[in-house]
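So this one's start.pdb, PDB, N, CA and C atoms:
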ATOM      1  N   MET Z   1       9.785   8.780   8.989
ATOM      2  CA  MET Z   1       9.613   8.484   7.575
ATOM      3  C   MET Z   1      10.919   8.744   6.838
ATOM      4  N   LEU Z   2      11.139   7.947   5.825
ATOM      5  CA  LEU Z   2      12.362   8.098   5.045
ATOM      6  C   LEU Z   2      12.326   9.400   4.256
ATOM      7  N   GLU Z   3      13.364  10.152   4.398
ATOM      8  CA  GLU Z   3      13.539  11.353   3.584
ATOM      9  C   GLU Z   3      14.541  10.996   2.479
ATOM     10  N   ASN Z   4      14.621  11.793   1.467
ATOM     11  CA  ASN Z   4      15.615  11.624   0.409
ATOM     12  C   ASN Z   4      15.529  10.275  -0.292
ATOM     13  N   ASN Z   5      14.386   9.671  -0.327
ATOM     14  CA  ASN Z   5      14.264   8.411  -1.044
ATOM     15  C   ASN Z   5      13.120   8.502  -2.040
ATOM     16  N   ASP Z   6      13.207   9.534  -2.865
ATOM     17  CA  ASP Z   6      12.152   9.779  -3.842
ATOM     18  C   ASP Z   6      11.998   8.643  -4.836
ATOM     19  N   ALA Z   7      13.111   8.019  -5.219
ATOM     20  CA  ALA Z   7      13.042   6.935  -6.205
ATOM     21  C   ALA Z   7      12.240   5.757  -5.654
ATOM     22  N   LEU Z   8      12.481   5.403  -4.400
ATOM     23  CA  LEU Z   8      11.748   4.304  -3.781
ATOM     24  C   LEU Z   8      10.270   4.653  -3.642
ATOM     25  N   SER Z   9       9.989   5.862  -3.196
ATOM     26  CA  SER Z   9       8.593   6.304  -3.067
ATOM     27  C   SER Z   9       7.878   6.283  -4.407
ATOM     28  N   THR Z  10       8.566   6.702  -5.442
ATOM     29  CA  THR Z  10       7.975   6.710  -6.785
ATOM     30  C   THR Z  10       7.650   5.285  -7.237
ATOM     31  N   LYS Z  11       8.567   4.336  -6.988
ATOM     32  CA  LYS Z  11       8.313   2.940  -7.349
ATOM     33  C   LYS Z  11       7.086   2.403  -6.611
ATOM     34  N   VAL Z  12       7.003   2.707  -5.312
ATOM     35  CA  VAL Z  12       5.876   2.226  -4.509
ATOM     36  C   VAL Z  12       4.575   2.843  -5.020
ATOM     37  N   LYS Z  13       4.579   4.133  -5.287
ATOM     38  CA  LYS Z  13       3.372   4.808  -5.799
ATOM     39  C   LYS Z  13       2.925   4.201  -7.121
ATOM     40  N   ASN Z  14       3.884   3.881  -7.990
ATOM     41  CA  ASN Z  14       3.541   3.266  -9.280
ATOM     42  C   ASN Z  14       2.892   1.899  -9.084
ATOM     43  N   LEU Z  15       3.396   1.125  -8.132
ATOM     44  CA  LEU Z  15       2.796  -0.187  -7.855
ATOM     45  C   LEU Z  15       1.405  -0.040  -7.255
ATOM     46  N   ILE Z  16       1.239   0.935  -6.380
ATOM     47  CA  ILE Z  16      -0.092   1.192  -5.810
ATOM     48  C   ILE Z  16      -1.065   1.574  -6.917
ATOM     49  N   ASP Z  17      -0.595   2.375  -7.871
ATOM     50  CA  ASP Z  17      -1.450   2.742  -9.005
ATOM     51  C   ASP Z  17      -1.871   1.525  -9.820
ATOM     52  N   GLN Z  18      -1.028   0.484  -9.841
ATOM     53  CA  GLN Z  18      -1.366  -0.735 -10.584
ATOM     54  C   GLN Z  18      -2.440  -1.565  -9.877
ATOM     55  N   VAL Z  19      -2.446  -1.559  -8.542
ATOM     56  CA  VAL Z  19      -3.447  -2.354  -7.822
ATOM     57  C   VAL Z  19      -4.723  -1.557  -7.529
ATOM     58  N   ARG Z  20      -4.639  -0.245  -7.634
ATOM     59  CA  ARG Z  20      -5.790   0.624  -7.333
ATOM     60  C   ARG Z  20      -7.061   0.241  -8.096
ATOM     61  N   PRO Z  21      -7.001  -0.049  -9.407
ATOM     62  CA  PRO Z  21      -8.240  -0.387 -10.128
ATOM     63  C   PRO Z  21      -8.983  -1.586  -9.543
ATOM     64  N   TYR Z  22      -8.245  -2.555  -8.988
ATOM     65  CA  TYR Z  22      -8.889  -3.728  -8.396
ATOM     66  C   TYR Z  22      -9.667  -3.343  -7.141
ATOM     67  N   LEU Z  23      -9.111  -2.415  -6.377
ATOM     68  CA  LEU Z  23      -9.813  -1.944  -5.182
ATOM     69  C   LEU Z  23     -11.006  -1.079  -5.565
ATOM     70  N   GLN Z  24     -10.829  -0.270  -6.595
ATOM     71  CA  GLN Z  24     -11.906   0.616  -7.034
ATOM     72  C   GLN Z  24     -13.092  -0.156  -7.596
ATOM     73  N   GLN Z  25     -12.846  -1.345  -8.148
ATOM     74  CA  GLN Z  25     -13.943  -2.179  -8.655
ATOM     75  C   GLN Z  25     -14.934  -2.508  -7.548
ATOM     76  N   ASP Z  26     -14.429  -2.591  -6.323
ATOM     77  CA  ASP Z  26     -15.286  -2.931  -5.189
ATOM     78  C   ASP Z  26     -15.644  -1.712  -4.347
ATOM     79  N   GLY Z  27     -15.434  -0.525  -4.900
ATOM     80  CA  GLY Z  27     -15.830   0.698  -4.205
ATOM     81  C   GLY Z  27     -14.820   1.229  -3.208
ATOM     82  N   GLY Z  28     -13.594   0.724  -3.269
ATOM     83  CA  GLY Z  28     -12.561   1.177  -2.349
ATOM     84  C   GLY Z  28     -11.456   1.926  -3.066
ATOM     85  N   ASP Z  29     -10.465   2.339  -2.297
ATOM     86  CA  ASP Z  29      -9.303   3.001  -2.872
ATOM     87  C   ASP Z  29      -8.159   2.921  -1.873
ATOM     88  N   ILE Z  30      -6.983   3.291  -2.313
ATOM     89  CA  ILE Z  30      -5.782   3.243  -1.486
ATOM     90  C   ILE Z  30      -4.948   4.478  -1.775
ATOM     91  N   ASN Z  31      -4.390   5.061  -0.712
ATOM     92  CA  ASN Z  31      -3.537   6.235  -0.858
ATOM     93  C   ASN Z  31      -2.201   5.977  -0.186
ATOM     94  N   PHE Z  32      -1.128   6.348  -0.873
ATOM     95  CA  PHE Z  32       0.220   6.250  -0.315
ATOM     96  C   PHE Z  32       0.395   7.327   0.738
ATOM     97  N   VAL Z  33       0.913   6.946   1.909
ATOM     98  CA  VAL Z  33       1.168   7.908   2.983
ATOM     99  C   VAL Z  33       2.665   8.154   3.118
ATOM    100  N   GLY Z  34       3.460   7.083   3.152
ATOM    101  CA  GLY Z  34       4.899   7.245   3.282
ATOM    102  C   GLY Z  34       5.579   5.915   3.537
ATOM    103  N   ILE Z  35       6.895   5.987   3.729
ATOM    104  CA  ILE Z  35       7.696   4.802   4.021
ATOM    105  C   ILE Z  35       8.459   5.080   5.316
ATOM    106  N   THR Z  36       8.382   4.148   6.247
ATOM    107  CA  THR Z  36       9.064   4.328   7.523
ATOM    108  C   THR Z  36      10.559   4.039   7.371
ATOM    109  N   ASP Z  37      11.308   4.360   8.417
ATOM    110  CA  ASP Z  37      12.751   4.128   8.408
ATOM    111  C   ASP Z  37      13.103   2.643   8.317
ATOM    112  N   ASP Z  38      12.168   1.780   8.734
ATOM    113  CA  ASP Z  38      12.415   0.341   8.618
ATOM    114  C   ASP Z  38      11.720  -0.263   7.396
ATOM    115  N   PHE Z  39      11.468   0.576   6.408
ATOM    116  CA  PHE Z  39      10.977   0.166   5.090
ATOM    117  C   PHE Z  39       9.590  -0.478   5.111
ATOM    118  N   VAL Z  40       8.722   0.043   5.959
ATOM    119  CA  VAL Z  40       7.315  -0.347   5.945
ATOM    120  C   VAL Z  40       6.563   0.761   5.214
ATOM    121  N   VAL Z  41       5.769   0.367   4.226
ATOM    122  CA  VAL Z  41       4.958   1.325   3.476
ATOM    123  C   VAL Z  41       3.668   1.565   4.249
ATOM    124  N   ASN Z  42       3.357   2.817   4.523
ATOM    125  CA  ASN Z  42       2.099   3.177   5.163
ATOM    126  C   ASN Z  42       1.129   3.664   4.099
ATOM    127  N   VAL Z  43      -0.072   3.120   4.139
ATOM    128  CA  VAL Z  43      -1.119   3.506   3.198
ATOM    129  C   VAL Z  43      -2.393   3.804   3.967
ATOM    130  N   GLU Z  44      -3.321   4.433   3.292
ATOM    131  CA  GLU Z  44      -4.646   4.666   3.853
ATOM    132  C   GLU Z  44      -5.656   4.011   2.923
ATOM    133  N   LEU Z  45      -6.494   3.151   3.489
ATOM    134  CA  LEU Z  45      -7.563   2.536   2.711
ATOM    135  C   LEU Z  45      -8.809   3.387   2.874
ATOM    136  N   THR Z  46      -9.454   3.684   1.759
ATOM    137  CA  THR Z  46     -10.628   4.551   1.799
ATOM    138  C   THR Z  46     -11.812   3.881   1.107
ATOM    139  N   GLY Z  47     -12.946   4.527   1.187
ATOM    140  CA  GLY Z  47     -14.155   3.986   0.578
ATOM    141  C   GLY Z  47     -14.548   2.680   1.234
ATOM    142  N   ALA Z  48     -14.999   1.742   0.443
ATOM    143  CA  ALA Z  48     -15.434   0.449   0.961
ATOM    144  C   ALA Z  48     -14.288  -0.299   1.637
ATOM    145  N   CYS Z  49     -13.058  -0.058   1.209
ATOM    146  CA  CYS Z  49     -11.902  -0.755   1.801
ATOM    147  C   CYS Z  49     -11.665  -0.331   3.247
ATOM    148  N   GLY Z  50     -12.056   0.874   3.590
ATOM    149  CA  GLY Z  50     -11.848   1.356   4.939
ATOM    150  C   GLY Z  50     -12.681   0.639   5.973
ATOM    151  N   SER Z  51     -13.799   0.054   5.544
ATOM    152  CA  SER Z  51     -14.693  -0.615   6.496
ATOM    153  C   SER Z  51     -14.925  -2.090   6.184
ATOM    154  N   CYS Z  52     -14.276  -2.592   5.154
ATOM    155  CA  CYS Z  52     -14.482  -3.976   4.751
ATOM    156  C   CYS Z  52     -13.777  -4.941   5.706
ATOM    157  N   PRO Z  53     -14.471  -6.009   6.121
ATOM    158  CA  PRO Z  53     -13.831  -6.975   7.020
ATOM    159  C   PRO Z  53     -12.671  -7.729   6.359
ATOM    160  N   TYR Z  54     -12.598  -7.710   5.053
ATOM    161  CA  TYR Z  54     -11.533  -8.406   4.332
ATOM    162  C   TYR Z  54     -10.374  -7.479   3.961
ATOM    163  N   SER Z  55     -10.420  -6.228   4.393
ATOM    164  CA  SER Z  55      -9.408  -5.270   3.966
ATOM    165  C   SER Z  55      -8.002  -5.658   4.407
ATOM    166  N   THR Z  56      -7.853  -6.250   5.585
ATOM    167  CA  THR Z  56      -6.520  -6.666   6.038
ATOM    168  C   THR Z  56      -5.978  -7.759   5.134
ATOM    169  N   MET Z  57      -6.835  -8.703   4.751
ATOM    170  CA  MET Z  57      -6.422  -9.770   3.857
ATOM    171  C   MET Z  57      -6.054  -9.204   2.481
ATOM    172  N   THR Z  58      -6.843  -8.284   1.986
ATOM    173  CA  THR Z  58      -6.548  -7.644   0.701
ATOM    174  C   THR Z  58      -5.222  -6.911   0.776
ATOM    175  N   LEU Z  59      -5.015  -6.213   1.873
ATOM    176  CA  LEU Z  59      -3.787  -5.446   2.035
ATOM    177  C   LEU Z  59      -2.567  -6.356   2.037
ATOM    178  N   LYS Z  60      -2.612  -7.428   2.801
ATOM    179  CA  LYS Z  60      -1.455  -8.316   2.921
ATOM    180  C   LYS Z  60      -1.275  -9.189   1.682
ATOM    181  N   ASN Z  61      -2.345  -9.836   1.220
ATOM    182  CA  ASN Z  61      -2.244 -10.780   0.106
ATOM    183  C   ASN Z  61      -2.114 -10.094  -1.247
ATOM    184  N   GLY Z  62      -2.729  -8.940  -1.386
ATOM    185  CA  GLY Z  62      -2.692  -8.258  -2.679
ATOM    186  C   GLY Z  62      -1.640  -7.171  -2.749
ATOM    187  N   VAL Z  63      -1.828  -6.141  -1.969
ATOM    188  CA  VAL Z  63      -0.971  -4.969  -2.060
ATOM    189  C   VAL Z  63       0.450  -5.277  -1.574
ATOM    190  N   GLU Z  64       0.576  -5.847  -0.377
ATOM    191  CA  GLU Z  64       1.906  -6.119   0.167
ATOM    192  C   GLU Z  64       2.689  -7.097  -0.696
ATOM    193  N   ASN Z  65       2.066  -8.171  -1.127
ATOM    194  CA  ASN Z  65       2.763  -9.146  -1.974
ATOM    195  C   ASN Z  65       3.244  -8.517  -3.275
ATOM    196  N   THR Z  66       2.416  -7.687  -3.885
ATOM    197  CA  THR Z  66       2.782  -7.019  -5.131
ATOM    198  C   THR Z  66       3.990  -6.116  -4.933
ATOM    199  N   ILE Z  67       3.958  -5.332  -3.869
ATOM    200  CA  ILE Z  67       5.047  -4.387  -3.613
ATOM    201  C   ILE Z  67       6.326  -5.119  -3.229
ATOM    202  N   ARG Z  68       6.224  -6.110  -2.352
ATOM    203  CA  ARG Z  68       7.429  -6.817  -1.888
ATOM    204  C   ARG Z  68       8.079  -7.640  -2.994
ATOM    205  N   LYS Z  69       7.284  -8.152  -3.932
ATOM    206  CA  LYS Z  69       7.852  -8.881  -5.067
ATOM    207  C   LYS Z  69       8.696  -7.957  -5.940
ATOM    208  N   ALA Z  70       8.182  -6.771  -6.164
ATOM    209  CA  ALA Z  70       8.863  -5.821  -7.047
ATOM    210  C   ALA Z  70       9.991  -5.065  -6.339
ATOM    211  N   ILE Z  71       9.838  -4.846  -5.026
ATOM    212  CA  ILE Z  71      10.825  -4.081  -4.263
ATOM    213  C   ILE Z  71      11.151  -4.857  -2.992
ATOM    214  N   PRO Z  72      12.106  -5.780  -3.062
ATOM    215  CA  PRO Z  72      12.398  -6.674  -1.932
ATOM    216  C   PRO Z  72      12.808  -5.975  -0.640
ATOM    217  N   GLU Z  73      13.344  -4.762  -0.714
ATOM    218  CA  GLU Z  73      13.754  -4.083   0.512
ATOM    219  C   GLU Z  73      12.577  -3.610   1.362
ATOM    220  N   ILE Z  74      11.383  -3.566   0.780
ATOM    221  CA  ILE Z  74      10.191  -3.223   1.554
ATOM    222  C   ILE Z  74       9.870  -4.399   2.469
ATOM    223  N   THR Z  75       9.697  -4.113   3.765
ATOM    224  CA  THR Z  75       9.478  -5.176   4.753
ATOM    225  C   THR Z  75       7.997  -5.437   5.035
ATOM    226  N   GLY Z  76       7.128  -4.522   4.624
ATOM    227  CA  GLY Z  76       5.707  -4.726   4.866
ATOM    228  C   GLY Z  76       4.890  -3.542   4.402
ATOM    229  N   VAL Z  77       3.578  -3.714   4.431
ATOM    230  CA  VAL Z  77       2.650  -2.637   4.085
ATOM    231  C   VAL Z  77       1.607  -2.601   5.196
ATOM    232  N   GLU Z  78       1.363  -1.424   5.748
ATOM    233  CA  GLU Z  78       0.397  -1.275   6.835
ATOM    234  C   GLU Z  78      -0.571  -0.147   6.520
ATOM    235  N   ALA Z  79      -1.822  -0.381   6.847
ATOM    236  CA  ALA Z  79      -2.835   0.666   6.710
ATOM    237  C   ALA Z  79      -2.882   1.454   8.014
ATOM    238  N   ILE Z  80      -2.748   2.756   7.904
ATOM    239  CA  ILE Z  80      -2.731   3.587   9.101
ATOM    240  C   ILE Z  80      -4.119   3.776   9.696
ATOM    241  N   ASN Z  81      -5.143   3.402   8.945
ATOM    242  CA  ASN Z  81      -6.509   3.643   9.403
ATOM    243  C   ASN Z  81      -7.272   2.370   9.733
ATOM    244  N   LEU Z  82      -6.607   1.243   9.875
ATOM    245  CA  LEU Z  82      -7.302  -0.008  10.252
ATOM    246  C   LEU Z  82      -7.088  -0.295  11.709
TER     247      LEU Z  82
END
Show me, as structure tokens, the structure contained in the file I just sent.
Amino acid sequence: MLENNDALSTKVKNLIDQVRPYLQQDGGDINFVGITDDFVVNVELTGACGSCPYSTMTLKNGVENTIRKAIPEITGVEAINL
């Protein structure tokens, strides 16, 4: 995991906070875990998102697209619990 990159982590956390209400509407949630050395954001999907068959699509189409648009150096978003 990337150390000494608090600014990047803060930006990612802020973006996750922006998409969180959409997940919570459907009984799910998302937690920031960290950023790998190759700039992949690791998250944990909880609640309904943890068991939803569409969670991978939500993660890639919603969360990953939002983060990558705002922070181009991020190469992807992966759920550690899927």
Given the PyMOL selection byres ((chain Z and resi 39-47) around 6), the residues it picks as a PDB file with N, CA and C atoms, keeping the file's coordinate frame:
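See part_14.pdb below for the written result:
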ATOM      1  N   GLY Z  27     -15.434  -0.525  -4.900  1.00  0.00           N
ATOM      2  CA  GLY Z  27     -15.830   0.698  -4.205  1.00  0.00           C
ATOM      3  C   GLY Z  27     -14.820   1.229  -3.208  1.00  0.00           C
ATOM      4  N   GLY Z  28     -13.594   0.724  -3.269  1.00  0.00           N
ATOM      5  CA  GLY Z  28     -12.561   1.177  -2.349  1.00  0.00           C
ATOM      6  C   GLY Z  28     -11.456   1.926  -3.066  1.00  0.00           C
ATOM      7  N   ASP Z  29     -10.465   2.339  -2.297  1.00  0.00           N
ATOM      8  CA  ASP Z  29      -9.303   3.001  -2.872  1.00  0.00           C
ATOM      9  C   ASP Z  29      -8.159   2.921  -1.873  1.00  0.00           C
ATOM     10  N   ILE Z  30      -6.983   3.291  -2.313  1.00  0.00           N
ATOM     11  CA  ILE Z  30      -5.782   3.243  -1.486  1.00  0.00           C
ATOM     12  C   ILE Z  30      -4.948   4.478  -1.775  1.00  0.00           C
ATOM     13  N   ASN Z  31      -4.390   5.061  -0.712  1.00  0.00           N
ATOM     14  CA  ASN Z  31      -3.537   6.235  -0.858  1.00  0.00           C
ATOM     15  C   ASN Z  31      -2.201   5.977  -0.186  1.00  0.00           C
ATOM     16  N   PHE Z  32      -1.128   6.348  -0.873  1.00  0.00           N
ATOM     17  CA  PHE Z  32       0.220   6.250  -0.315  1.00  0.00           C
ATOM     18  C   PHE Z  32       0.395   7.327   0.738  1.00  0.00           C
ATOM     19  N   VAL Z  33       0.913   6.946   1.909  1.00  0.00           N
ATOM     20  CA  VAL Z  33       1.168   7.908   2.983  1.00  0.00           C
ATOM     21  C   VAL Z  33       2.665   8.154   3.118  1.00  0.00           C
ATOM     22  N   GLY Z  34       3.460   7.083   3.152  1.00  0.00           N
ATOM     23  CA  GLY Z  34       4.899   7.245   3.282  1.00  0.00           C
ATOM     24  C   GLY Z  34       5.579   5.915   3.537  1.00  0.00           C
ATOM     25  N   ILE Z  35       6.895   5.987   3.729  1.00  0.00           N
ATOM     26  CA  ILE Z  35       7.696   4.802   4.021  1.00  0.00           C
ATOM     27  C   ILE Z  35       8.459   5.080   5.316  1.00  0.00           C
ATOM     28  N   THR Z  36       8.382   4.148   6.247  1.00  0.00           N
ATOM     29  CA  THR Z  36       9.064   4.328   7.523  1.00  0.00           C
ATOM     30  C   THR Z  36      10.559   4.039   7.371  1.00  0.00           C
ATOM     31  N   ASP Z  37      11.308   4.360   8.417  1.00  0.00           N
ATOM     32  CA  ASP Z  37      12.751   4.128   8.408  1.00  0.00           C
ATOM     33  C   ASP Z  37      13.103   2.643   8.317  1.00  0.00           C
ATOM     34  N   ASP Z  38      12.168   1.780   8.734  1.00  0.00           N
ATOM     35  CA  ASP Z  38      12.415   0.341   8.618  1.00  0.00           C
ATOM     36  C   ASP Z  38      11.720  -0.263   7.396  1.00  0.00           C
ATOM     37  N   ALA Z  48     -14.999   1.742   0.443  1.00  0.00           N
ATOM     38  CA  ALA Z  48     -15.434   0.449   0.961  1.00  0.00           C
ATOM     39  C   ALA Z  48     -14.288  -0.299   1.637  1.00  0.00           C
ATOM     40  N   CYS Z  49     -13.058  -0.058   1.209  1.00  0.00           N
ATOM     41  CA  CYS Z  49     -11.902  -0.755   1.801  1.00  0.00           C
ATOM     42  C   CYS Z  49     -11.665  -0.331   3.247  1.00  0.00           C
ATOM     43  N   GLY Z  50     -12.056   0.874   3.590  1.00  0.00           N
ATOM     44  CA  GLY Z  50     -11.848   1.356   4.939  1.00  0.00           C
ATOM     45  C   GLY Z  50     -12.681   0.639   5.973  1.00  0.00           C
ATOM     46  N   SER Z  51     -13.799   0.054   5.544  1.00  0.00           N
ATOM     47  CA  SER Z  51     -14.693  -0.615   6.496  1.00  0.00           C
ATOM     48  C   SER Z  51     -14.925  -2.090   6.184  1.00  0.00           C
ATOM     49  N   GLU Z  73      13.344  -4.762  -0.714  1.00  0.00           N
ATOM     50  CA  GLU Z  73      13.754  -4.083   0.512  1.00  0.00           C
ATOM     51  C   GLU Z  73      12.577  -3.610   1.362  1.00  0.00           C
ATOM     52  N   ILE Z  74      11.383  -3.566   0.780  1.00  0.00           N
ATOM     53  CA  ILE Z  74      10.191  -3.223   1.554  1.00  0.00           C
ATOM     54  C   ILE Z  74       9.870  -4.399   2.469  1.00  0.00           C
ATOM     55  N   THR Z  75       9.697  -4.113   3.765  1.00  0.00           N
ATOM     56  CA  THR Z  75       9.478  -5.176   4.753  1.00  0.00           C
ATOM     57  C   THR Z  75       7.997  -5.437   5.035  1.00  0.00           C
ATOM     58  N   GLY Z  76       7.128  -4.522   4.624  1.00  0.00           N
ATOM     59  CA  GLY Z  76       5.707  -4.726   4.866  1.00  0.00           C
ATOM     60  C   GLY Z  76       4.890  -3.542   4.402  1.00  0.00           C
ATOM     61  N   VAL Z  77       3.578  -3.714   4.431  1.00  0.00           N
ATOM     62  CA  VAL Z  77       2.650  -2.637   4.085  1.00  0.00           C
ATOM     63  C   VAL Z  77       1.607  -2.601   5.196  1.00  0.00           C
ATOM     64  N   GLU Z  78       1.363  -1.424   5.748  1.00  0.00           N
ATOM     65  CA  GLU Z  78       0.397  -1.275   6.835  1.00  0.00           C
ATOM     66  C   GLU Z  78      -0.571  -0.147   6.520  1.00  0.00           C
ATOM     67  N   ALA Z  79      -1.822  -0.381   6.847  1.00  0.00           N
ATOM     68  CA  ALA Z  79      -2.835   0.666   6.710  1.00  0.00           C
ATOM     69  C   ALA Z  79      -2.882   1.454   8.014  1.00  0.00           C
ATOM     70  N   ILE Z  80      -2.748   2.756   7.904  1.00  0.00           N
ATOM     71  CA  ILE Z  80      -2.731   3.587   9.101  1.00  0.00           C
ATOM     72  C   ILE Z  80      -4.119   3.776   9.696  1.00  0.00           C
ATOM     73  N   ASN Z  81      -5.143   3.402   8.945  1.00  0.00           N
ATOM     74  CA  ASN Z  81      -6.509   3.643   9.403  1.00  0.00           C
ATOM     75  C   ASN Z  81      -7.272   2.370   9.733  1.00  0.00           C
TER      76      ASN Z  81
END
- Query: At what distance in Å, to one decimal, does CA of Lys13 (chain Z) lie from CA of Lys69 (chain Z)?
  - Reply: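 Distance reported for this atom pair: 14.4 Å.
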- Query: Just how far from CA of Pro72 (chain Z) is CA of Ser9 (chain Z), in Å to one decimal?
  - Reply: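 One can read the CA of Ser9 (chain Z) to CA of Pro72 (chain Z) distance as 13.6 Å.
Running DSSP on the backbone and keeping only strand (DSSP E), the residues of chain Z that qualify are Gly28, Asp29, Ile30, Asn31, Phe32, Val33, Gly34, Ile35, Val40, Val41, Asn42, Val43, Glu44, Leu45, Thr46, Gly47, Gly76, Val77, Glu78 and Ala79 of chain Z.
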- Note on the structure: The distance between CA of Asp17 (chain Z) and atom C of Thr56 (chain Z) is 18.2 Å
- Task: Could you pull out the residues in region 17-76 of chain Z that DSSP calls alpha helix (DSSP H) from the backbone, as an NGL selection string?
- Result: :Z and (17-25 or 48-51 or 55-57 or 65-70)
Residues from last step as file, N, CA and C atoms, as a PDB file, in the coordinates of the input:
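Heads up, here's the output in result-v4.pdb:
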ATOM      1  N   ASP Z  17      -0.595   2.375  -7.871  1.00  0.00           N
ATOM      2  CA  ASP Z  17      -1.450   2.742  -9.005  1.00  0.00           C
ATOM      3  C   ASP Z  17      -1.871   1.525  -9.820  1.00  0.00           C
ATOM      4  N   GLN Z  18      -1.028   0.484  -9.841  1.00  0.00           N
ATOM      5  CA  GLN Z  18      -1.366  -0.735 -10.584  1.00  0.00           C
ATOM      6  C   GLN Z  18      -2.440  -1.565  -9.877  1.00  0.00           C
ATOM      7  N   VAL Z  19      -2.446  -1.559  -8.542  1.00  0.00           N
ATOM      8  CA  VAL Z  19      -3.447  -2.354  -7.822  1.00  0.00           C
ATOM      9  C   VAL Z  19      -4.723  -1.557  -7.529  1.00  0.00           C
ATOM     10  N   ARG Z  20      -4.639  -0.245  -7.634  1.00  0.00           N
ATOM     11  CA  ARG Z  20      -5.790   0.624  -7.333  1.00  0.00           C
ATOM     12  C   ARG Z  20      -7.061   0.241  -8.096  1.00  0.00           C
ATOM     13  N   PRO Z  21      -7.001  -0.049  -9.407  1.00  0.00           N
ATOM     14  CA  PRO Z  21      -8.240  -0.387 -10.128  1.00  0.00           C
ATOM     15  C   PRO Z  21      -8.983  -1.586  -9.543  1.00  0.00           C
ATOM     16  N   TYR Z  22      -8.245  -2.555  -8.988  1.00  0.00           N
ATOM     17  CA  TYR Z  22      -8.889  -3.728  -8.396  1.00  0.00           C
ATOM     18  C   TYR Z  22      -9.667  -3.343  -7.141  1.00  0.00           C
ATOM     19  N   LEU Z  23      -9.111  -2.415  -6.377  1.00  0.00           N
ATOM     20  CA  LEU Z  23      -9.813  -1.944  -5.182  1.00  0.00           C
ATOM     21  C   LEU Z  23     -11.006  -1.079  -5.565  1.00  0.00           C
ATOM     22  N   GLN Z  24     -10.829  -0.270  -6.595  1.00  0.00           N
ATOM     23  CA  GLN Z  24     -11.906   0.616  -7.034  1.00  0.00           C
ATOM     24  C   GLN Z  24     -13.092  -0.156  -7.596  1.00  0.00           C
ATOM     25  N   GLN Z  25     -12.846  -1.345  -8.148  1.00  0.00           N
ATOM     26  CA  GLN Z  25     -13.943  -2.179  -8.655  1.00  0.00           C
ATOM     27  C   GLN Z  25     -14.934  -2.508  -7.548  1.00  0.00           C
ATOM     28  N   ALA Z  48     -14.999   1.742   0.443  1.00  0.00           N
ATOM     29  CA  ALA Z  48     -15.434   0.449   0.961  1.00  0.00           C
ATOM     30  C   ALA Z  48     -14.288  -0.299   1.637  1.00  0.00           C
ATOM     31  N   CYS Z  49     -13.058  -0.058   1.209  1.00  0.00           N
ATOM     32  CA  CYS Z  49     -11.902  -0.755   1.801  1.00  0.00           C
ATOM     33  C   CYS Z  49     -11.665  -0.331   3.247  1.00  0.00           C
ATOM     34  N   GLY Z  50     -12.056   0.874   3.590  1.00  0.00           N
ATOM     35  CA  GLY Z  50     -11.848   1.356   4.939  1.00  0.00           C
ATOM     36  C   GLY Z  50     -12.681   0.639   5.973  1.00  0.00           C
ATOM     37  N   SER Z  51     -13.799   0.054   5.544  1.00  0.00           N
ATOM     38  CA  SER Z  51     -14.693  -0.615   6.496  1.00  0.00           C
ATOM     39  C   SER Z  51     -14.925  -2.090   6.184  1.00  0.00           C
ATOM     40  N   SER Z  55     -10.420  -6.228   4.393  1.00  0.00           N
ATOM     41  CA  SER Z  55      -9.408  -5.270   3.966  1.00  0.00           C
ATOM     42  C   SER Z  55      -8.002  -5.658   4.407  1.00  0.00           C
ATOM     43  N   THR Z  56      -7.853  -6.250   5.585  1.00  0.00           N
ATOM     44  CA  THR Z  56      -6.520  -6.666   6.038  1.00  0.00           C
ATOM     45  C   THR Z  56      -5.978  -7.759   5.134  1.00  0.00           C
ATOM     46  N   MET Z  57      -6.835  -8.703   4.751  1.00  0.00           N
ATOM     47  CA  MET Z  57      -6.422  -9.770   3.857  1.00  0.00           C
ATOM     48  C   MET Z  57      -6.054  -9.204   2.481  1.00  0.00           C
ATOM     49  N   ASN Z  65       2.066  -8.171  -1.127  1.00  0.00           N
ATOM     50  CA  ASN Z  65       2.763  -9.146  -1.974  1.00  0.00           C
ATOM     51  C   ASN Z  65       3.244  -8.517  -3.275  1.00  0.00           C
ATOM     52  N   THR Z  66       2.416  -7.687  -3.885  1.00  0.00           N
ATOM     53  CA  THR Z  66       2.782  -7.019  -5.131  1.00  0.00           C
ATOM     54  C   THR Z  66       3.990  -6.116  -4.933  1.00  0.00           C
ATOM     55  N   ILE Z  67       3.958  -5.332  -3.869  1.00  0.00           N
ATOM     56  CA  ILE Z  67       5.047  -4.387  -3.613  1.00  0.00           C
ATOM     57  C   ILE Z  67       6.326  -5.119  -3.229  1.00  0.00           C
ATOM     58  N   ARG Z  68       6.224  -6.110  -2.352  1.00  0.00           N
ATOM     59  CA  ARG Z  68       7.429  -6.817  -1.888  1.00  0.00           C
ATOM     60  C   ARG Z  68       8.079  -7.640  -2.994  1.00  0.00           C
ATOM     61  N   LYS Z  69       7.284  -8.152  -3.932  1.00  0.00           N
ATOM     62  CA  LYS Z  69       7.852  -8.881  -5.067  1.00  0.00           C
ATOM     63  C   LYS Z  69       8.696  -7.957  -5.940  1.00  0.00           C
ATOM     64  N   ALA Z  70       8.182  -6.771  -6.164  1.00  0.00           N
ATOM     65  CA  ALA Z  70       8.863  -5.821  -7.047  1.00  0.00           C
ATOM     66  C   ALA Z  70       9.991  -5.065  -6.339  1.00  0.00           C
TER      67      ALA Z  70
END
Edge lengths and centre, in Å to one decimal, as AutoDock Vina command-line options: that's what I need for the box along x, y and z that holds all listed atoms of region 56-71 of chain Z plus 6 Å on each side.
--center_x 1.6 --center_y -7.4 --center_z -0.5 --size_x 31.0 --size_y 18.7 --size_z 25.1
